[in-house]
Protein chains: 2
Amino acid sequence: MNLSEFQSEWMPRFDDYLYSELDARVPSQENLHKAMAYSLMGGGKRIRPLLVLATLSMAGGEISDGFAAAAALEYIHTYSLIHDDLPAMDDDDYRRGRLTSHKVFGESTAILAGDALLTAAFEILAASSVVSADKKVKLIGLLAKAAGPSGMIAGQMDDVEGETKALTIEELEQVHDKKTGALIRYAVTAGCLIAEADEPFSTEMEDFSRQLGLAYQIHNDLKDVVLDEAETGKTIHHDAALNKNTYPSLLGVTGAIQELNSVILQAEGCLDRAALSYGGAEGKIDIFRQLLDYVRI
Amino acid sequence: MNLSEFQSEWMPRFDDYLYSELDARVPSQENLHKAMAYSLMGGGKRIRPLLVLATLSMAGGEISDGFAAAAALEYIHTYSLIHDDLPAMDDDDYRRGRLTSHKVFGESTAILAGDALLTAAFEILAASSVVSADKKVKLIGLLAKAAGPSGMIAGQMDDVEGETKALTIEELEQVHDKKTGALIRYAVTAGCLIAEADEPFSTEMEDFSRQLGLAYQIHNDLKDVVLDEAETGKTIHHDAALNKNTYPSLLGVTGAIQELNSVILQAEGCLDRAALSYGGAEGKIDIFRQLLDYVRI
């Protein structure tokens with residue numbers, strides 16, 4: 001099964017689950033529901049949920065067993081975008097070509113919708129009926145760690161502070177490893193944990209997800225410089241205008257492209273080894289190889 | 001043991017646990033740690049943790065078994081205050097006589113410190129080693145529900161929307177039941193759950209916590225009207241200036257005091273019945289009776 005077949009078969013079912021959880025968790029507050037739904041349906045590519053489900057499938061697990069973990073992850077990713085876009089943070093008016101939450105619903109509702117998505121993520125995981133209590137506690141602990149003050153939020157703080165000083169390439173990598181990498185790694189870890197994948201497979205796949213996260217960030221920085229506004233749906237050169245530390249600003253455009261290609265090569269190596277360590281997964285690994293196409297320039 | 005003896009014996013130990021969890025959850029981001037610590041150490045009375053621990057004790061459980069649930073609850077309460085004080089929300093410069101988080105650390109750090117406390121709450125609960133996985137999943141699910149978009153955050157949204165329209169007393173009660181009541185009820189539920197208290201006791205204690213939460217809110221509204229700024233540590237008549245719906249504004253000061261006294265009477269009734277349903281708890285119930293003294297006018 002290739003990536004687009006997997007997506008056509010599974011992502012509509014996953015989206016139904018994602019929205020049904022919204023109805024279950026927000027029974028009565030209409031405007032809160034609207035604001036949460038607006039951002040959940042904001043045209044994201046659902047890369048993180050896809051990674052959970054595809055990893056689970058590759059490791060021989062039941063794909064729908066990963067819906068709760070994948071939905072919780074997407075809720076947390078979505079909240080982080082809402083809060084990141086706030087006037088006090090990146091102050092963005094548009095995301096993916098649509099107005100940001102605070103531009104549509106006002107700042108107080110955007111703050112609360114973010115808080116609500118973050119909290120509901122843990123409610124969804126705790127309520128899931130298909131995973132054992134032991135696994136749920138592990139999934140919740142790992143998700144909170146990845147999204148919390150030693151993971152994503154530490155990266156966001158570093159990012160806020162980094163705006164006023166120049167970082168080295170290593171420091172920038174550490175910021176991104178926490179800011180976006182931690183949740184991407186969680187996706188793969190969650191898939192392995194639910195499917196009870198063996199150790200060598202999990203190690204290679206987690207290493208793959210680390211490279212994927214890094215590639216994703218370099219690609220994102222490059223997009224801002226080399227692609228035009230219509231294609232990215234964001235105001236262009238925004239990060240550069242804020243004097244942000246980016247891969248192109250630290251390595252130059254050519255250097256950043258070289259770095260991206262090197263990271264993609266390493267990610268492919270992890271996939272090769274993961275397939276070897278797990279007999280019969282060769283066909284399913286195509287999904288991950290094709291995921292890397294998203295981040296090629 | 002009376003309230004102040006219980007507090008002297010247990011709350012310093014609990015505070016040590018609360019701060020040690022902060023060090024464990026925020027290993028490296030100094031300013032994030034500072035901002036989270038500033039609000040956690042903000043002179044709060046720790047009513048919610050106290051309720052968890054005292055309920056646990058009254059139901060015959062091991063008090064330190066409740067530390068993780070009590071800390072998670074205090075983290076979530078603290079995050080909600082930071083976000084509530086933000087310029088886009090209530091826009092408060094002072095809380096408990098100290099500058100609010102965004103006045104000290106700036107708005108972006110205050111948003112992230114709130115997000116971090118909320119996320120860390122679930123990390124603390126999941127990591128706790130003294131409670132079984134089954135109980136942890138229940139505690140996490142109930143906490144997320146109480147704090148989330150059908151609980152506290154729904155109440156906050158109602159509150160934001162209520163600023164522009166007049167509420168009935170029933171509507172106001174529903175707002176507060178979600179906004180502040182849900183977390184107070186959770187404190188008692190968590191204590192009962194960890195101690196495996198029997199059904200009649202749990203029911204009476206949960207009903208008590210509902211009345212306590214209501215009394216607390218009426219008392220709070222009245223304080224803003226009848227006590228002076230030095231005593232409350234808040235800017236006075238702030239809610240009235242915002243044309244907020246409050247008990248005194250809907251019932252008059254005398255009516256609000258009558259309502260408060262009636263609610264306190266009901267709460268005392270619950271405590272009498274809880275003590276009856278649980279042999280030998282009579283001494284320990286004094287703690288809860290004395291808690292009601294906080295909300296008398």
# chains A, B, ... in the order shown; residues from 1 in each chain; ligands from 1
$ closest_atom_pairs --of "chain B" --to "chain A" --cutoff "8 Å" --atoms "only C-alpha atoms" --output "Markdown table"
| residue | atom | partner | partner_atom | distance |
| --- | --- | --- | --- | --- |
| B:Arg25 | CA | A:Ser150 | CA | 6.3 |
| B:Val26 | CA | A:Ser150 | CA | 5.3 |
| B:Pro27 | CA | A:Ser150 | CA | 6.4 |
| B:Ser28 | CA | A:Ser150 | CA | 7.1 |
| B:Gln29 | CA | A:Ala154 | CA | 5.9 |
| B:Leu32 | CA | A:Met157 | CA | 7.0 |
| B:His83 | CA | A:Ile111 | CA | 7.9 |
| B:Ala88 | CA | A:Ser108 | CA | 5.3 |
| B:Met89 | CA | A:Ser108 | CA | 5.5 |
| B:Glu107 | CA | A:Ala88 | CA | 5.9 |
| B:Ser108 | CA | A:Ala88 | CA | 5.3 |
| B:Thr109 | CA | A:Met157 | CA | 7.1 |
| B:Ile111 | CA | A:His83 | CA | 7.9 |
| B:Leu112 | CA | A:Ile153 | CA | 6.6 |
| B:Asp115 | CA | A:Asp115 | CA | 7.2 |
| B:Ala116 | CA | A:Pro149 | CA | 5.2 |
| B:Leu117 | CA | A:Pro149 | CA | 8.0 |
| B:Leu118 | CA | A:Thr119 | CA | 7.6 |
| B:Thr119 | CA | A:Gly148 | CA | 5.3 |
| B:Ala120 | CA | A:Gly148 | CA | 6.0 |
| B:Phe122 | CA | A:Ala144 | CA | 6.2 |
| B:Glu123 | CA | A:Gly141 | CA | 5.0 |
| B:Ile124 | CA | A:Gly141 | CA | 7.9 |
| B:Ala126 | CA | A:Gly141 | CA | 5.0 |
| B:Ala127 | CA | A:Gly141 | CA | 6.5 |
| B:Ala133 | CA | A:Asp134 | CA | 5.5 |
| B:Asp134 | CA | A:Ala133 | CA | 5.5 |
| B:Lys136 | CA | A:Val137 | CA | 7.1 |
| B:Val137 | CA | A:Ala126 | CA | 5.5 |
| B:Lys138 | CA | A:Ala126 | CA | 7.2 |
| B:Ile140 | CA | A:Ala126 | CA | 6.5 |
| B:Gly141 | CA | A:Glu123 | CA | 5.0 |
| B:Leu142 | CA | A:Glu123 | CA | 7.7 |
| B:Ala144 | CA | A:Glu123 | CA | 5.1 |
| B:Lys145 | CA | A:Glu123 | CA | 6.2 |
| B:Ala147 | CA | A:Thr119 | CA | 7.1 |
| B:Gly148 | CA | A:Thr119 | CA | 5.3 |
| B:Pro149 | CA | A:Ala116 | CA | 5.2 |
| B:Ser150 | CA | A:Val26 | CA | 5.3 |
| B:Ile153 | CA | A:Ala116 | CA | 6.4 |
| B:Ala154 | CA | A:Gln29 | CA | 5.9 |
| B:Gln156 | CA | A:Leu112 | CA | 7.9 |
| B:Met157 | CA | A:Leu32 | CA | 7.0 |
| B:Asp158 | CA | A:Gln29 | CA | 7.6 |
| B:Val160 | CA | A:Ser108 | CA | 7.8 |
$ closest_residue --among "A:Tyr216, A:Tyr186, A:Phe14, A:Phe6" --to "Ser57 in chain A" --atoms "only C-alpha atoms"
A:Phe6
$ residues_around --residues "Ile257 in chain A" --least-positions-apart "2" --cutoff "10 Å" --atoms "only C-alpha atoms" --output "list in words"
Ala215, Ile218, His219, Leu222, Tyr247, Pro248, Leu251, Gly252, Val253, Thr254, Gly255, Glu259, Leu260, Asn261, Ser262, Val263, Arg296 and Ile297 of chain A
$ residues_around --residues "Leu50 in chain A" --least-positions-apart "2" --cutoff "12 Å" --atoms "only C-alpha atoms" --output "short mmCIF file (atom, residue, chain, number, x, y, z; two decimals) with all heavy atoms, in the first residue's frame"
data_model
loop_
_atom_site.label_atom_id
_atom_site.label_comp_id
_atom_site.auth_asym_id
_atom_site.auth_seq_id
_atom_site.Cartn_x
_atom_site.Cartn_y
_atom_site.Cartn_z
N LEU A 3 1.47 5.61 0.06
CA LEU A 3 1.01 6.68 0.95
C LEU A 3 -0.40 7.17 0.61
O LEU A 3 -1.25 7.31 1.49
CB LEU A 3 2.01 7.85 0.90
CG LEU A 3 1.68 9.09 1.71
CD1 LEU A 3 1.54 8.76 3.19
CD2 LEU A 3 2.75 10.16 1.52
N SER A 4 -0.64 7.40 -0.69
CA SER A 4 -1.95 7.99 -1.02
C SER A 4 -3.08 6.98 -0.83
O SER A 4 -4.19 7.36 -0.45
CB SER A 4 -1.94 8.62 -2.42
OG SER A 4 -2.03 7.62 -3.39
N PHE A 6 -3.03 4.62 1.51
CA PHE A 6 -3.20 4.58 2.97
C PHE A 6 -4.01 5.79 3.44
O PHE A 6 -4.93 5.67 4.26
CB PHE A 6 -1.82 4.57 3.65
CG PHE A 6 -1.89 4.33 5.14
CD1 PHE A 6 -1.86 3.05 5.67
CD2 PHE A 6 -1.97 5.40 6.03
CE1 PHE A 6 -1.92 2.82 7.04
CE2 PHE A 6 -2.03 5.18 7.41
CZ PHE A 6 -2.01 3.89 7.91
N GLN A 7 -3.66 6.95 2.90
CA GLN A 7 -4.38 8.18 3.27
C GLN A 7 -5.85 8.10 2.89
O GLN A 7 -6.72 8.45 3.68
CB GLN A 7 -3.73 9.40 2.61
CG GLN A 7 -2.45 9.84 3.32
CD GLN A 7 -1.73 10.97 2.62
OE1 GLN A 7 -1.54 10.91 1.40
NE2 GLN A 7 -1.30 11.97 3.37
N SER A 8 -6.15 7.65 1.64
CA SER A 8 -7.56 7.57 1.20
C SER A 8 -8.34 6.59 2.06
O SER A 8 -9.52 6.80 2.34
CB SER A 8 -7.69 7.10 -0.25
OG SER A 8 -6.72 7.66 -1.05
N GLU A 9 -7.67 5.49 2.43
CA GLU A 9 -8.40 4.48 3.19
C GLU A 9 -8.61 4.89 4.64
O GLU A 9 -9.69 4.69 5.19
CB GLU A 9 -7.66 3.13 3.14
CG GLU A 9 -8.45 2.05 3.88
CD GLU A 9 -7.96 0.64 3.57
OE1 GLU A 9 -7.21 0.45 2.60
OE2 GLU A 9 -8.36 -0.28 4.33
N TRP A 10 -7.59 5.49 5.25
CA TRP A 10 -7.65 5.68 6.70
C TRP A 10 -7.94 7.10 7.16
O TRP A 10 -8.56 7.29 8.23
CB TRP A 10 -6.35 5.16 7.34
CG TRP A 10 -6.36 3.67 7.37
CD1 TRP A 10 -5.69 2.82 6.53
CD2 TRP A 10 -7.14 2.84 8.23
NE1 TRP A 10 -5.99 1.52 6.82
CE2 TRP A 10 -6.89 1.51 7.88
CE3 TRP A 10 -8.03 3.10 9.28
CZ2 TRP A 10 -7.48 0.43 8.53
CZ3 TRP A 10 -8.63 2.03 9.94
CH2 TRP A 10 -8.35 0.71 9.55
N MET A 11 -7.50 8.11 6.43
CA MET A 11 -7.61 9.45 7.00
C MET A 11 -9.06 9.97 7.08
O MET A 11 -9.39 10.66 8.04
CB MET A 11 -6.67 10.44 6.29
CG MET A 11 -5.18 10.08 6.46
SD MET A 11 -4.67 9.35 8.07
CE MET A 11 -4.47 10.86 9.06
N PRO A 12 -9.95 9.63 6.15
CA PRO A 12 -11.35 10.06 6.35
C PRO A 12 -11.96 9.43 7.60
O PRO A 12 -12.69 10.09 8.34
CB PRO A 12 -12.05 9.58 5.08
CG PRO A 12 -10.96 9.45 4.06
CD PRO A 12 -9.75 9.01 4.83
N ARG A 13 -11.66 8.14 7.84
CA ARG A 13 -12.17 7.49 9.06
C ARG A 13 -11.60 8.16 10.30
O ARG A 13 -12.29 8.35 11.30
CB ARG A 13 -11.75 6.01 9.10
CG ARG A 13 -12.40 5.18 8.04
CD ARG A 13 -12.15 3.70 8.33
NE ARG A 13 -11.88 2.99 7.10
CZ ARG A 13 -11.59 1.69 7.01
NH1 ARG A 13 -11.52 0.97 8.12
NH2 ARG A 13 -11.36 1.13 5.86
N PHE A 14 -10.29 8.49 10.22
CA PHE A 14 -9.66 9.15 11.36
C PHE A 14 -10.29 10.53 11.59
O PHE A 14 -10.57 10.92 12.73
CB PHE A 14 -8.15 9.29 11.15
CG PHE A 14 -7.50 10.17 12.18
CD1 PHE A 14 -7.35 9.71 13.49
CD2 PHE A 14 -7.09 11.46 11.88
CE1 PHE A 14 -6.80 10.53 14.47
CE2 PHE A 14 -6.53 12.28 12.86
CZ PHE A 14 -6.39 11.80 14.15
N ASP A 15 -10.53 11.26 10.51
CA ASP A 15 -11.15 12.59 10.67
C ASP A 15 -12.53 12.48 11.31
O ASP A 15 -12.90 13.31 12.15
CB ASP A 15 -11.25 13.29 9.30
CG ASP A 15 -9.97 14.07 8.97
OD1 ASP A 15 -8.94 13.84 9.63
OD2 ASP A 15 -10.02 14.92 8.05
N GLY A 44 -4.81 21.10 7.74
CA GLY A 44 -3.53 20.49 8.06
C GLY A 44 -3.37 19.16 7.34
O GLY A 44 -4.36 18.53 6.97
N LYS A 45 -2.14 18.73 7.16
CA LYS A 45 -1.90 17.50 6.39
C LYS A 45 -2.02 16.25 7.24
O LYS A 45 -1.89 15.14 6.75
CB LYS A 45 -0.52 17.57 5.72
CG LYS A 45 -0.47 18.64 4.62
CD LYS A 45 0.82 18.59 3.80
CE LYS A 45 2.05 19.00 4.59
NZ LYS A 45 2.11 20.44 4.97
N ARG A 46 -2.25 16.45 8.56
CA ARG A 46 -2.39 15.29 9.48
C ARG A 46 -1.18 14.37 9.44
O ARG A 46 -1.31 13.14 9.49
CB ARG A 46 -3.64 14.46 9.13
CG ARG A 46 -4.93 15.24 9.03
CD ARG A 46 -5.66 15.34 10.34
NE ARG A 46 -7.01 15.83 10.19
CZ ARG A 46 -7.41 17.02 10.63
NH1 ARG A 46 -6.58 17.85 11.24
NH2 ARG A 46 -8.67 17.39 10.49
N ILE A 47 0.00 14.98 9.32
CA ILE A 47 1.24 14.20 9.25
C ILE A 47 1.44 13.39 10.53
O ILE A 47 1.82 12.22 10.49
CB ILE A 47 2.46 15.13 9.04
CG1 ILE A 47 2.38 15.80 7.68
CG2 ILE A 47 3.78 14.37 9.17
CD1 ILE A 47 2.48 14.85 6.52
N ARG A 48 1.19 14.03 11.68
CA ARG A 48 1.44 13.35 12.95
C ARG A 48 0.51 12.14 13.16
O ARG A 48 1.00 11.04 13.46
CB ARG A 48 1.37 14.36 14.10
CG ARG A 48 2.53 15.34 14.09
CD ARG A 48 2.24 16.64 14.82
NE ARG A 48 3.24 17.65 14.49
CZ ARG A 48 3.25 18.35 13.35
NH1 ARG A 48 2.28 18.16 12.44
NH2 ARG A 48 4.20 19.22 13.11
N VAL A 52 1.48 8.03 13.40
CA VAL A 52 1.03 7.08 14.42
C VAL A 52 0.45 5.84 13.75
O VAL A 52 0.83 4.70 14.03
CB VAL A 52 -0.06 7.69 15.35
CG1 VAL A 52 -0.55 6.65 16.35
CG2 VAL A 52 0.46 8.93 16.07
N LEU A 53 -0.50 6.08 12.83
CA LEU A 53 -1.26 4.98 12.24
C LEU A 53 -0.39 4.12 11.32
O LEU A 53 -0.50 2.89 11.32
CB LEU A 53 -2.49 5.51 11.50
CG LEU A 53 -3.44 6.40 12.33
CD1 LEU A 53 -4.62 6.87 11.49
CD2 LEU A 53 -3.92 5.67 13.59
N ALA A 54 0.48 4.77 10.55
CA ALA A 54 1.32 4.01 9.63
C ALA A 54 2.37 3.18 10.38
O ALA A 54 2.68 2.05 9.99
CB ALA A 54 2.00 4.95 8.63
N THR A 55 2.90 3.75 11.47
CA THR A 55 3.87 3.00 12.27
C THR A 55 3.20 1.76 12.89
O THR A 55 3.74 0.65 12.87
CB THR A 55 4.45 3.88 13.40
OG1 THR A 55 5.01 5.05 12.82
CG2 THR A 55 5.52 3.14 14.19
N LEU A 56 2.00 2.01 13.42
CA LEU A 56 1.21 0.93 14.01
C LEU A 56 0.96 -0.18 12.98
O LEU A 56 1.12 -1.37 13.27
CB LEU A 56 -0.11 1.55 14.46
CG LEU A 56 -1.07 0.81 15.35
CD1 LEU A 56 -0.36 0.28 16.57
CD2 LEU A 56 -2.20 1.75 15.77
N SER A 57 0.60 0.22 11.79
CA SER A 57 0.32 -0.74 10.70
C SER A 57 1.58 -1.51 10.32
O SER A 57 1.58 -2.73 10.18
CB SER A 57 -0.24 0.03 9.50
OG SER A 57 -0.22 -0.77 8.36
N MET A 58 2.68 -0.78 10.20
CA MET A 58 3.94 -1.41 9.81
C MET A 58 4.39 -2.42 10.87
O MET A 58 4.98 -3.45 10.55
CB MET A 58 5.00 -0.33 9.62
CG MET A 58 6.28 -0.83 9.01
SD MET A 58 7.31 0.59 8.56
CE MET A 58 8.93 -0.17 8.55
N ILE A 63 -4.91 -0.80 13.15
CA ILE A 63 -4.77 0.64 12.91
C ILE A 63 -5.72 1.48 13.78
O ILE A 63 -5.33 2.51 14.34
CB ILE A 63 -4.96 0.95 11.41
CG1 ILE A 63 -3.78 0.34 10.63
CG2 ILE A 63 -5.02 2.46 11.17
CD1 ILE A 63 -3.81 0.57 9.14
N SER A 64 -6.97 1.03 13.91
CA SER A 64 -7.92 1.86 14.67
C SER A 64 -7.57 1.93 16.16
O SER A 64 -8.05 2.83 16.86
CB SER A 64 -9.35 1.35 14.47
OG SER A 64 -9.42 -0.02 14.82
N GLY A 66 -4.98 3.00 17.19
CA GLY A 66 -4.16 4.20 17.33
C GLY A 66 -4.94 5.50 17.19
O GLY A 66 -4.36 6.59 17.31
N PHE A 67 -6.25 5.41 16.95
CA PHE A 67 -7.03 6.63 16.71
C PHE A 67 -6.97 7.61 17.88
O PHE A 67 -6.83 8.82 17.69
CB PHE A 67 -8.50 6.28 16.39
CG PHE A 67 -8.74 5.93 14.94
CD1 PHE A 67 -7.69 5.72 14.06
CD2 PHE A 67 -10.04 5.83 14.45
CE1 PHE A 67 -7.92 5.40 12.72
CE2 PHE A 67 -10.28 5.51 13.11
CZ PHE A 67 -9.20 5.30 12.25
N ALA A 69 -4.69 7.97 20.33
CA ALA A 69 -3.36 8.60 20.46
C ALA A 69 -3.12 9.59 19.33
O ALA A 69 -2.56 10.68 19.55
CB ALA A 69 -2.28 7.52 20.46
N ALA A 70 -3.56 9.23 18.12
CA ALA A 70 -3.37 10.12 16.97
C ALA A 70 -4.22 11.38 17.10
O ALA A 70 -3.77 12.49 16.77
CB ALA A 70 -3.72 9.37 15.68
N ALA A 71 -5.45 11.23 17.60
CA ALA A 71 -6.32 12.39 17.77
C ALA A 71 -5.78 13.31 18.86
O ALA A 71 -5.74 14.54 18.71
CB ALA A 71 -7.74 11.95 18.11
N LEU A 73 -2.76 13.69 19.76
CA LEU A 73 -1.58 14.36 19.20
C LEU A 73 -1.99 15.51 18.27
O LEU A 73 -1.42 16.61 18.33
CB LEU A 73 -0.76 13.32 18.44
CG LEU A 73 0.55 13.72 17.81
CD1 LEU A 73 1.46 14.42 18.81
CD2 LEU A 73 1.26 12.49 17.24
N GLU A 74 -2.99 15.28 17.43
CA GLU A 74 -3.44 16.34 16.52
C GLU A 74 -4.09 17.50 17.28
O GLU A 74 -3.92 18.66 16.91
CB GLU A 74 -4.40 15.75 15.48
CG GLU A 74 -4.75 16.68 14.32
CD GLU A 74 -3.59 16.96 13.35
OE1 GLU A 74 -2.49 16.38 13.52
OE2 GLU A 74 -3.79 17.76 12.41
N ILE A 184 6.69 14.90 16.81
CA ILE A 184 6.84 13.98 15.68
C ILE A 184 7.42 12.64 16.16
O ILE A 184 6.97 11.57 15.76
CB ILE A 184 7.71 14.63 14.57
CG1 ILE A 184 6.92 15.80 13.95
CG2 ILE A 184 8.10 13.62 13.50
CD1 ILE A 184 7.69 16.61 12.93
N ALA A 187 4.78 10.56 17.82
CA ALA A 187 3.88 9.86 16.90
C ALA A 187 4.37 8.44 16.65
O ALA A 187 3.61 7.46 16.73
CB ALA A 187 3.77 10.63 15.58
N VAL A 188 5.66 8.32 16.38
CA VAL A 188 6.25 7.02 16.08
C VAL A 188 6.34 6.15 17.35
O VAL A 188 6.03 4.96 17.33
CB VAL A 188 7.63 7.23 15.42
CG1 VAL A 188 8.43 5.95 15.42
CG2 VAL A 188 7.44 7.75 14.00
N ALA A 190 4.39 6.30 19.92
CA ALA A 190 3.03 5.85 20.26
C ALA A 190 2.63 4.65 19.40
O ALA A 190 2.08 3.66 19.91
CB ALA A 190 2.03 6.99 20.10
N GLY A 191 2.92 4.72 18.10
CA GLY A 191 2.60 3.60 17.21
C GLY A 191 3.31 2.33 17.64
O GLY A 191 2.71 1.25 17.71
N ILE A 287 5.22 3.87 2.50
CA ILE A 287 4.49 5.02 3.03
C ILE A 287 5.45 6.04 3.63
O ILE A 287 5.32 7.25 3.40
CB ILE A 287 3.48 4.55 4.12
CG1 ILE A 287 2.42 3.64 3.49
CG2 ILE A 287 2.84 5.75 4.81
CD1 ILE A 287 1.54 2.95 4.52
N PHE A 288 6.43 5.54 4.37
CA PHE A 288 7.37 6.45 5.03
C PHE A 288 8.34 7.07 4.04
O PHE A 288 8.68 8.25 4.15
CB PHE A 288 8.14 5.70 6.14
CG PHE A 288 7.24 5.22 7.23
CD1 PHE A 288 6.68 3.95 7.18
CD2 PHE A 288 6.92 6.04 8.28
CE1 PHE A 288 5.84 3.51 8.17
CE2 PHE A 288 6.07 5.62 9.28
CZ PHE A 288 5.53 4.34 9.23
N LEU A 291 6.58 9.80 2.51
CA LEU A 291 6.45 10.96 3.43
C LEU A 291 7.63 11.91 3.27
O LEU A 291 7.49 13.13 3.40
CB LEU A 291 6.41 10.48 4.88
CG LEU A 291 5.05 10.31 5.53
CD1 LEU A 291 5.25 9.90 6.99
CD2 LEU A 291 4.23 11.59 5.47
#
$ select_by_dssp --residues "range 134-292 of chain A" --states "helix (DSSP H, G or I)" --output "PyMOL selection string"
chain A and resi 134-147+152-162+169-195+199-226+229-232+238-241+247-277+282-292
$ closest_residue --among "B:Val225, B:Leu183, B:Leu276, B:Cys192" --to "His77 in chain B" --atoms "only C-alpha atoms"
B:Leu183
$ closest_residue --among "B:Met1, B:Ala59, B:Leu193, B:Ala182" --to "Gln290 in chain B" --atoms "only C-alpha atoms"
B:Met1
$ atom_distance --atom1 "CA of Asp91 in chain A" --atom2 "CA of Arg95 in chain B"
26.8 Å
$ select_by_dssp --residues "range 92-266 of chain A" --states "strand (DSSP E)" --output "ChimeraX atom specification"
/A:94-95,98-99
$ write_last_selection --atoms "C-alpha atoms" --output "PDB file, in the first residue's frame"
ATOM      1  CA  TYR A  94      -2.943  33.872   8.291  1.00  0.00           C
ATOM      2  CA  ARG A  95      -2.137  30.192   8.492  1.00  0.00           C
ATOM      3  CA  ARG A  98      -6.978  31.127   6.214  1.00  0.00           C
ATOM      4  CA  LEU A  99      -7.358  33.720   8.945  1.00  0.00           C
TER       5      LEU A  99
END
$ atom_distance --atom1 "CA of Ile169 in chain A" --atom2 "CA of Leu250 in chain A"
6.7 Å
$ closest_residue --among "A:Asp221, A:Glu171, A:Asp23, A:Asp272" --to "Val295 in chain A" --atoms "only C-alpha atoms"
A:Asp221
$ closest_residue --among "B:Gln211, B:Ser129, B:Ser39, B:Gln174" --to "Leu271 in chain B" --atoms "only C-alpha atoms"
B:Gln211
$ residues_around --residues "Ser209 in chain A" --least-positions-apart "2" --cutoff "8 Å" --atoms "only C-alpha atoms" --output "VMD selection string"
chain A and resid 181 184 to 185 188 205 to 207 211 to 213 267
$ write_last_selection --atoms "N, CA, C and O atoms" --output "PDB file, in the first residue's frame"
ATOM      1  N   GLY A 181      10.222  18.649  16.918  1.00  0.00           N
ATOM      2  CA  GLY A 181      10.683  17.262  16.878  1.00  0.00           C
ATOM      3  C   GLY A 181      10.008  16.365  17.906  1.00  0.00           C
ATOM      4  O   GLY A 181       9.672  15.212  17.620  1.00  0.00           O
ATOM      5  N   ILE A 184       6.689  14.902  16.814  1.00  0.00           N
ATOM      6  CA  ILE A 184       6.841  13.978  15.681  1.00  0.00           C
ATOM      7  C   ILE A 184       7.421  12.645  16.160  1.00  0.00           C
ATOM      8  O   ILE A 184       6.973  11.568  15.761  1.00  0.00           O
ATOM      9  N   ARG A 185       8.386  12.725  17.065  1.00  0.00           N
ATOM     10  CA  ARG A 185       8.933  11.481  17.636  1.00  0.00           C
ATOM     11  C   ARG A 185       7.865  10.735  18.431  1.00  0.00           C
ATOM     12  O   ARG A 185       7.784   9.508  18.401  1.00  0.00           O
ATOM     13  N   VAL A 188       5.665   8.319  16.377  1.00  0.00           N
ATOM     14  CA  VAL A 188       6.247   7.018  16.083  1.00  0.00           C
ATOM     15  C   VAL A 188       6.340   6.154  17.350  1.00  0.00           C
ATOM     16  O   VAL A 188       6.028   4.961  17.328  1.00  0.00           O
ATOM     17  N   MET A 205      12.905   3.400  13.974  1.00  0.00           N
ATOM     18  CA  MET A 205      11.784   4.254  13.596  1.00  0.00           C
ATOM     19  C   MET A 205      11.813   5.573  14.373  1.00  0.00           C
ATOM     20  O   MET A 205      11.455   6.623  13.845  1.00  0.00           O
ATOM     21  N   GLU A 206      12.243   5.506  15.637  1.00  0.00           N
ATOM     22  CA  GLU A 206      12.354   6.759  16.403  1.00  0.00           C
ATOM     23  C   GLU A 206      13.472   7.639  15.848  1.00  0.00           C
ATOM     24  O   GLU A 206      13.336   8.867  15.790  1.00  0.00           O
ATOM     25  N   ASP A 207      14.541   6.997  15.404  1.00  0.00           N
ATOM     26  CA  ASP A 207      15.623   7.760  14.783  1.00  0.00           C
ATOM     27  C   ASP A 207      15.140   8.354  13.452  1.00  0.00           C
ATOM     28  O   ASP A 207      15.419   9.520  13.138  1.00  0.00           O
ATOM     29  N   GLN A 211      14.968  12.428  12.279  1.00  0.00           N
ATOM     30  CA  GLN A 211      15.460  13.002  11.014  1.00  0.00           C
ATOM     31  C   GLN A 211      14.316  13.654  10.234  1.00  0.00           C
ATOM     32  O   GLN A 211      14.483  14.707   9.627  1.00  0.00           O
ATOM     33  N   LEU A 212      13.163  13.007  10.256  1.00  0.00           N
ATOM     34  CA  LEU A 212      12.005  13.557   9.541  1.00  0.00           C
ATOM     35  C   LEU A 212      11.633  14.929  10.109  1.00  0.00           C
ATOM     36  O   LEU A 212      11.359  15.877   9.362  1.00  0.00           O
ATOM     37  N   GLY A 213      11.622  15.026  11.432  1.00  0.00           N
ATOM     38  CA  GLY A 213      11.282  16.293  12.069  1.00  0.00           C
ATOM     39  C   GLY A 213      12.260  17.397  11.700  1.00  0.00           C
ATOM     40  O   GLY A 213      11.868  18.537  11.406  1.00  0.00           O
ATOM     41  N   ALA A 267      17.560   9.586   7.076  1.00  0.00           N
ATOM     42  CA  ALA A 267      16.216   9.066   7.365  1.00  0.00           C
ATOM     43  C   ALA A 267      15.948   7.806   6.547  1.00  0.00           C
ATOM     44  O   ALA A 267      15.374   6.824   7.046  1.00  0.00           O
TER      45      ALA A 267
END
$ closest_residue --among "A:Val130, A:Ala166, A:Ala274, A:Ala256" --to "Ala197 in chain A" --atoms "only C-alpha atoms"
A:Ala274
$ decode --residues "range 180-189 of chain B" --atoms "C-alpha atoms" --output "JSON list (two decimals), in the first residue's frame"
[["chain", "number", "residue", "atom", "x", "y", "z"],
["B", 180, "THR", "CA", -14.66, 27.14, 39.59],
["B", 181, "GLY", "CA", -16.94, 24.36, 40.84],
["B", 182, "ALA", "CA", -15.67, 21.58, 38.57],
["B", 183, "LEU", "CA", -12.10, 21.66, 39.94],
["B", 184, "ILE", "CA", -13.27, 21.88, 43.56],
["B", 185, "ARG", "CA", -15.53, 18.86, 43.05],
["B", 186, "TYR", "CA", -12.63, 17.05, 41.41],
["B", 187, "ALA", "CA", -10.54, 17.54, 44.56],
["B", 188, "VAL", "CA", -13.05, 15.61, 46.64],
["B", 189, "THR", "CA", -13.70, 13.00, 43.94]]
